[in-house]
file run36.txt (compact mmCIF, C-alpha atoms and all ligand atoms)
# COMPACT_ATOMS: atom_id res chain seq x y z
CA MET A 11 -15.12 -62.88 -176.87
CA LEU A 12 -17.28 -60.26 -178.53
CA LEU A 13 -17.76 -60.04 -182.26
CA ILE A 14 -18.04 -56.33 -183.02
CA ALA A 15 -19.28 -55.07 -186.38
CA CYS A 16 -17.20 -51.99 -187.16
CA PRO A 17 -19.45 -49.64 -189.21
CA TRP A 18 -16.62 -49.32 -191.77
CA CYS A 19 -14.92 -52.76 -191.77
CA GLY A 20 -17.64 -55.19 -190.74
CA PRO A 21 -17.51 -57.91 -188.05
CA ARG A 22 -14.14 -58.37 -186.32
CA ASP A 23 -12.86 -59.99 -183.14
CA GLU A 24 -13.00 -57.94 -179.93
CA ILE A 25 -9.18 -57.97 -179.68
CA GLU A 26 -9.01 -55.50 -182.60
CA PHE A 27 -10.93 -52.89 -180.59
CA ARG A 28 -10.41 -50.75 -177.51
CA TRP A 29 -13.22 -49.73 -175.18
CA GLY A 30 -13.53 -45.97 -174.64
CA GLY A 31 -16.06 -45.69 -171.83
CA GLU A 32 -19.56 -44.33 -171.71
CA SER A 33 -20.77 -42.50 -174.81
CA HIS A 34 -22.96 -39.43 -175.16
CA ILE A 35 -21.20 -37.54 -172.36
CA ARG A 36 -22.05 -33.86 -172.69
CA ARG A 37 -19.27 -31.37 -171.89
CA PRO A 38 -20.57 -28.35 -169.94
CA THR A 39 -20.23 -25.07 -171.84
CA LEU A 40 -18.71 -21.97 -170.28
CA ASP A 41 -22.00 -20.16 -171.03
CA GLU A 42 -23.60 -22.38 -168.41
CA SER A 43 -21.06 -21.26 -165.74
CA PRO A 44 -20.43 -24.85 -164.67
CA SER A 45 -19.64 -25.44 -161.03
CA ASP A 46 -16.78 -27.59 -159.75
CA GLU A 47 -19.38 -30.32 -159.20
CA ASP A 48 -20.52 -30.06 -162.83
CA TRP A 49 -16.93 -30.44 -164.03
CA ALA A 50 -16.22 -33.33 -161.66
CA ASP A 51 -19.38 -35.04 -162.90
CA TYR A 52 -18.32 -34.55 -166.52
CA LEU A 53 -14.73 -35.70 -165.95
CA PHE A 54 -15.07 -38.55 -163.46
CA ASN A 55 -18.60 -39.77 -162.82
CA ARG A 56 -20.00 -42.44 -165.12
CA ARG A 57 -23.03 -44.68 -165.13
CA ASN A 58 -22.49 -48.33 -164.36
CA PRO A 59 -25.81 -49.87 -165.34
CA LYS A 60 -26.84 -53.47 -165.13
CA GLY A 61 -28.37 -53.82 -168.57
CA LEU A 62 -28.25 -51.56 -171.61
CA HIS A 63 -25.18 -49.31 -171.74
CA ARG A 64 -24.05 -47.00 -174.52
CA GLU A 65 -20.29 -47.07 -175.01
CA ARG A 66 -17.59 -45.73 -177.30
CA TRP A 67 -15.28 -48.18 -179.04
CA VAL A 68 -12.38 -47.61 -181.44
CA HIS A 69 -11.24 -50.04 -184.12
CA GLU A 70 -7.63 -49.66 -183.03
CA ALA A 71 -6.14 -52.52 -185.08
CA GLY A 72 -8.25 -51.64 -188.11
CA CYS A 73 -9.55 -48.38 -189.53
CA GLY A 74 -8.98 -46.36 -186.33
CA GLN A 75 -12.53 -45.00 -186.32
CA TRP A 76 -14.58 -44.37 -183.17
CA PHE A 77 -18.22 -45.45 -182.99
CA ASN A 78 -21.00 -46.11 -180.49
CA VAL A 79 -22.12 -49.49 -179.21
CA ALA A 80 -25.29 -50.20 -177.22
CA ARG A 81 -24.44 -53.33 -175.21
CA ASP A 82 -26.21 -55.29 -172.51
CA THR A 83 -23.73 -55.46 -169.63
CA VAL A 84 -25.25 -58.69 -168.31
CA SER A 85 -25.50 -60.80 -171.47
CA HIS A 86 -22.89 -58.82 -173.50
CA GLU A 87 -25.37 -58.82 -176.38
CA ILE A 88 -24.65 -55.95 -178.74
CA VAL A 89 -28.00 -54.35 -179.43
CA GLU A 90 -26.89 -51.60 -181.79
CA ILE A 91 -23.78 -50.12 -183.41
CA TYR A 92 -23.81 -46.63 -184.91
CA ARG A 93 -21.31 -44.03 -186.05
CA MET A 94 -20.33 -40.94 -184.07
CA GLY A 95 -22.73 -38.12 -184.83
CA GLU A 96 -25.34 -40.59 -186.03
CA ALA A 97 -28.58 -40.91 -184.10
CA SER A 98 -29.38 -44.13 -182.33
CA GLY A 99 -31.75 -46.32 -184.32
CA HIS A 100 -29.80 -46.06 -187.59
CA SER A 101 -27.72 -49.19 -187.16
CA PRO A 102 -26.76 -51.07 -190.33
CA SER A 103 -28.21 -54.12 -188.62
CA GLY A 104 -31.52 -52.35 -188.31
CA LYS A 105 -31.74 -53.26 -184.64
CA GLN A 106 -32.93 -50.73 -182.12
CA PRO A 107 -32.38 -50.84 -178.37
ZN ZN B 1 -12.96 -50.49 -188.73
call {"tool": "encode", "arguments": {"input": "run36.txt", "output": "structure tokens"}}
result
Amino acid sequence: MLLIACPWCGPRDEIEFRWGGESHIRRPTLDESPSDEDWADYLFNRRNPKGLHRERWVHEAGCGQWFNVARDTVSHEIVEIYRMGEASGHSPSGKQP
């Protein structure tokens, strides 16, 4: 069981949260005239790394806020937690990936 430190509520049990997939996915803009492959990549293709992975989580049973988590997929160690729109490296824990 993971202990996840919500940036607003503090550490809570994993069961209060819902995983939202890979974070920092960039939506193609219409100015770029994205191809069908570009859209398919944006909609369906995700990284599945062995090691550090940046993910979105929502504190569903708490404040309802979304935030980013940098987690090691092998050890499940949470390396960093930061708010949406916040740059990596500004975790309240001071840790950096
Ligand atoms: Zn919360």
call {"tool": "closest_residue", "arguments": {"input": "run36.txt", "among": "A:Ala97, A:Leu12, A:Leu62, A:Val84", "to": "His34 in chain A", "atoms": "only C-alpha atoms"}}
result
A:Ala97
call {"tool": "residues_near_ligand", "arguments": {"input": "run36.txt", "ligand": "ligand ZN 1 (chain B)", "cutoff": "9 Å", "atoms": "only C-alpha atoms and all ligand atoms", "output": "VMD selection string"}}
result
chain A and resid 15 to 22 26 to 27 68 to 76
call {"tool": "atom_distance", "arguments": {"input": "run36.txt", "atom1": "CA of Asn78 in chain A", "atom2": "CA of Arg64 in chain A"}}
result
6.8 Å
call {"tool": "closest_residue", "arguments": {"input": "run36.txt", "among": "A:Thr39, A:Ser33, A:Ser45, A:Asn55", "to": "Tyr92 in chain A", "atoms": "all atoms listed in the file"}}
result
A:Ser33
call {"tool": "atom_distance", "arguments": {"input": "run36.txt", "atom1": "CA of Thr83 in chain A", "atom2": "CA of Phe54 in chain A"}}
result
20.0 Å
call {"tool": "atom_distance", "arguments": {"input": "run36.txt", "atom1": "CA of Glu87 in chain A", "atom2": "CA of Leu53 in chain A"}}
result
27.5 Å
